Structure formats: structure tokens, C-alpha cells
Amino acid sequence: MLPKLRLAILALAALVGLAVATPARAELRIDVTRGNVQPMPIAIPDFFGTTGQESQMARDIAKVVAADLERSGLFAPIDPKAFIDKVTALNVQPRFPDWRLINAQALVQGRIEMVQGGEFRVEFRLWDVLSEQQMEGMALRGQPTAWRRIAHMIADAIYKRITGESGYFDTQIVYVSESGPKGKRVKRLAIMDQDGEGHKFLTDGSDLVLTPRFSPTAREITYLSYFKGKPRVYVLQIDTARREVLGDFPGMTFAPRFSPDGNKVVMSMADDGNSEIYEMDLRTRKSVRLTEHPSIDTSPSFAPDGQKITFNSDRGGSQQIYVMNADGSNVQRISFGDGRYATPVWSPRGDLIAFTRMKGGEFYIGVMRPDGSGERQLAQGFLAEGPTWAPNGRVLMYYKQTPASDSQGRGDSSKLYSIDLTGYNERQAVTPLDASDPAWSPLIR
């Protein structure tokens with residue numbers, strides 16, 4: 001179970017206890033809407049504490065904050081060996097000329113102290129080095145086991161203050177972990193923090209599992225599993241490991257996803273070879289058929305306001321992306337490029353739909369607006385597919401395969417990758433085994 005945390009935003013004047021008069025200047029900010037943004041140099045010295053336990057935790061938190069920000073591609077943490085000013089207290093103004101000398105534009109300072117009840121308190125400040133102004137101050141409390149989560153929350157606060165966009169570091173990834181030879185793959189559900197830490201398996205591999213998806217609360221996962229060869233849709237409680245069967249469905253069942261309010265699941269079911277989209281109310285267990293067409297309709301995904309659903313279908317002669325009202329009415333095709341389109345996923349912001357495009361033997365991860373305009377390809381690779389959105393709608397994760405090196409399938413592997421909307425910052429997400437079909441959680445608040 002994830003530990004509960006206490007958070008307080010500190011008043012800047014009370015926190016600092018002094019005022020600094022400086023010339024007016026433009027606020028320090030990164031414009032995330034531009035392409036290929038130059039990373040901002042940021043100094044993140046080790047946080048400090050008094051006891052050995054406090055000091056170790058302080059160093060660990062600073063390292064996680066720096067790693068989170070660096071991985072976003074928007075920040076360039078400066079090597080601590082270059083630091084001139086040694087931070088030893090938060091009630092003393094930083095020596096800003098020393099930080100400007102090493103080209104730092106932003107500075108993060110923090111301290112840790114143990115408090116009553118076995119908890120610890122971490123306080124941090126974010127400074128604009130050029131204007132010599134404090135931009136953010138925050139204090140959080142939690143059990144020592146929660147130190148990594150608190151580090152992610154600090155990174156989120158820094159990211160939001162400088163970019164103007166919500167962060168995505170205090171999140172988790174659920175995915176399908178794969179192992180074994182090509183013809184006998186063992187597939188287990190696995191979950192980890194967005195930086196790859198805290199990894200654990202959620203199923204034992206005795207049954208095939210597919211298409212895990214988070215609920216809006218981030219504490220439940222819906223997924224498809226085959227029990228004695230029959231498809232079942234499950235809901236798994238992450239904290240308790242309690243698993244509930246939503247139902248046994250005839251034929252093939254694909255890609256269950258929660259509605260934005262968490263009260264419904266939308267999925268595609270195939271009966272007599274015809275795949276249609278259905279919606280199940282989790283409170284009543286009643287299913288409603290949303291599409292009725294002789295072609296294949298599959299991979300449904302709700303818009304964040306719950307008013308529309310995107311899906312893919314071959315009803316137009318080839319596999320393309322469509323949008324319809326949540327009740328199944330007013331079906332509109334939105335993809336018209338060369339090749340086939342699949343796995344549409346609506347952005348949490350509502351402004352874009354991510355997809356997989358297959359053209360000329362190549363696979364692409366791309367985005368387009370909900371009306372089909374503004375299509376852009378962000379990444380490509382051998383069998384690159386299955387995009388999922390970070391909760392801020394600025395980063396995607398997906399998986400792609402490395403082709404087999406021989407006829408027996410040896411050398412074949414599948415890995416997770418992330419990329420931002422500029423298409424420049426592709427990173428591999430390290431997992432213990434092969435990985436596919438990731439799903440990104442909402443912020444864990």
C-alpha cells in the first residue's frame with residue numbers, strides 16, 4: 001500500500017524571512033510547446049540533515065529529483081563537482097554570483113529532519129538564480145519508507161513551476177512482462193514507478209494476461225486474462241491484490257478500459273467473428289452494445305470528459321481511426337493517411353489522440369487532433385505500438401521489438417520507451433525482463 005503523505009505550500013516571505021530587491025525581468029520558464037527545447041541548467045545540491053539517517057535520505061532525495069528532471073529532457077542538472085557555494089542552511093540567502101558562475105539558471109535547496117511519530121519532514125526551495133528570487137517553497141511529511149515518493153513530488157512541483165505544465169513523476173507504469181522462448185512466452189502483469197524503481201509482479205504467469213489499464217484512481221487495474229482458454233476481464237486492486245471477475249465473455253474480448261469517472265469499462269467483444277464495442281456498468285454489471293457493423297470495431301478509448309470514444313475499425317476498407325459519441329452515435333472517420341492505423345488513445349488533456357501507424361512495413365507512433373488534423377509522427381521502429389499517455393499529456397510510452405537474430409527466435413526482445421511530444425527525447429524504460437503493452441497511471445495523490 002502506498003503511504004499517505006502530508007504536504008504544505010509554504011508562504012514565501014515566512015519561509016525566507018527576507019526580501020530581495022532586484023531589477024524586473026522575465027520569469028524563468030521553459031516553453032514546452034516549442035520543438036527540441038534546449039535543457040535548462042539547474043543546480044541540485046544534496047539536501048542536508050543533521051543525523052546520519054537524515055543525511056543519507058537527504059542525498060538520496062536530491063539524486064532522485066535530479067534524475068527525474070534530467071529524464072524529462074527539459075533540464076540539465078549540473079555536475080555537483082562544479083558547485084562553489086556549499087549549502088548548509090535554508091535560512092541563509094544563496095550566493096547567487098557563485099551559481100551564475102557555473103551557468104545555473106535555477107537552484108534547488110532542501111533539508112530533512114526527523115519529527116514526532118517516526119516521520120520525517122522535508123523542506124525545499126526553488127530559486128531563479130538570475131533574478132535572485134524564490135519561485136517555490138514546499139514542505140512534506142511522511143514515513144521514511146515514503147522518501148522516494150516525496151522526491152517525485154518535489155520534482156513534479158519544480159517541473160510545474162518552471163514549465164507551467166503538471167508533472168508526471170509521482171506515477172506508476174503497469175505492463176506485461178514477458179519471458180521464455182518465442183513459442184512459449186510467459187506473460188505476467190508487472191508494475192513499477194515511472195523511473196523503473198519499486199518493481200513487482202502482480203500475477204504469477206500461470207494464465208496469459210493482456211492489455212492492463214489503470215482506473216482514474218490509479219489504485220485499480222483492468223486487464224484481460226485467459227482462464228482455461230476462456231477470456232475473462234478482471235479488475236485488480238493494487239493495494240490489496242484482490243482480484244474480481246467482471247465476466248466471462250463469448251468469443252474474443254479485447255482491450256478493456258475504464259471510463260473517466262471509473263464507473264464503466266469499455267471493450268470490444270467478438271462473436272461469430274464480428275468484433276463490436278460494448279460498455280459495461282461496473283455497478284450493475286450490465287453491458288450495452290455501442291457499435292453495430294459487419295466490420296471489426298476494436299480498441300476503444302474515452303475522451304477525458306467522457307463524451308466521446310475513439311476506436312479503430314476496418315469498416316472503410318482498411319484499418320482506420322474513428323470517433324463517436326459515448327452512446328455510439330455520430331461515427332466519424334478521422335484518419336486518412338497512407339497505411340493502417342491502430343490503438344488510438346485519447347490524451348488526458350483532450351487535445352490529441354495517439355496511435356500506431358503501419359505503412360510500408362514500418363511502424364510509427366504518432367498523434368493527431370480529435371478531428372484528424374495536425375497528424376505528426378513521433379517515433380518509429382520494428383513493431384513499435386501500444387502508446388499510453390503520461391497524465392500531463394506531454395509524454396508517451398510505448399513498446400517496440402528488436403527483430404529475432406535467427407529462425408528460432410533467439411535475439412527477439414521487446415522493450416518499453418518514452419518520448420515527448422517534440423519527438424526528440426526518446427528514452428528506454430529499463431525493466432528486468434522483456435516488456436510490452438504499457439499503461440501509465442494518473443498522478444498518485
# chains A, B, ... in the order shown; residues from 1 in each chain; ligands from 1
>>> select_by_dssp(residues="range 224-301 of chain A", states="strand (DSSP E)", output="ChimeraX atom specification")
/A:224-227,230-237,243-248,252-258,264-271,274-281,287-289,297-301
>>> closest_atom_pairs(of="range 133-218 of chain A", to="range 379-397 of chain A", cutoff="8 Å", atoms="only C-alpha atoms", output="JSON lines")
{"residue": "A:Glu165", "atom": "CA", "partner": "A:Asn392", "partner_atom": "CA", "distance": 7.0}
{"residue": "A:Ser166", "atom": "CA", "partner": "A:Asn392", "partner_atom": "CA", "distance": 5.5}
{"residue": "A:Gly167", "atom": "CA", "partner": "A:Asn392", "partner_atom": "CA", "distance": 6.3}
{"residue": "A:Tyr168", "atom": "CA", "partner": "A:Pro391", "partner_atom": "CA", "distance": 6.1}
>>> residues_around(residues="Pro94 in chain A", least_positions_apart="5", cutoff="12 Å", atoms="only C-alpha atoms", output="list in words")
Val16, Val20, Ala43, Pro45, Ile84, Asp85, Lys86, Val87, Thr88, Ala89, Trp99, Arg100, Ala106, Leu107, Val108, Gln109, Arg125, Leu126, Trp127, Asp128, Val129, Leu130, Glu132, Gln133 and Gln134 of chain A
>>> residues_around(residues="Ser179 in chain A", least_positions_apart="6", cutoff="8 Å", atoms="only C-alpha atoms", output="PyMOL selection string")
chain A and resi 185-187+433-434
>>> atom_distance(atom1="CA of Ile191 in chain A", atom2="CA of Gly118 in chain A")
28.1 Å
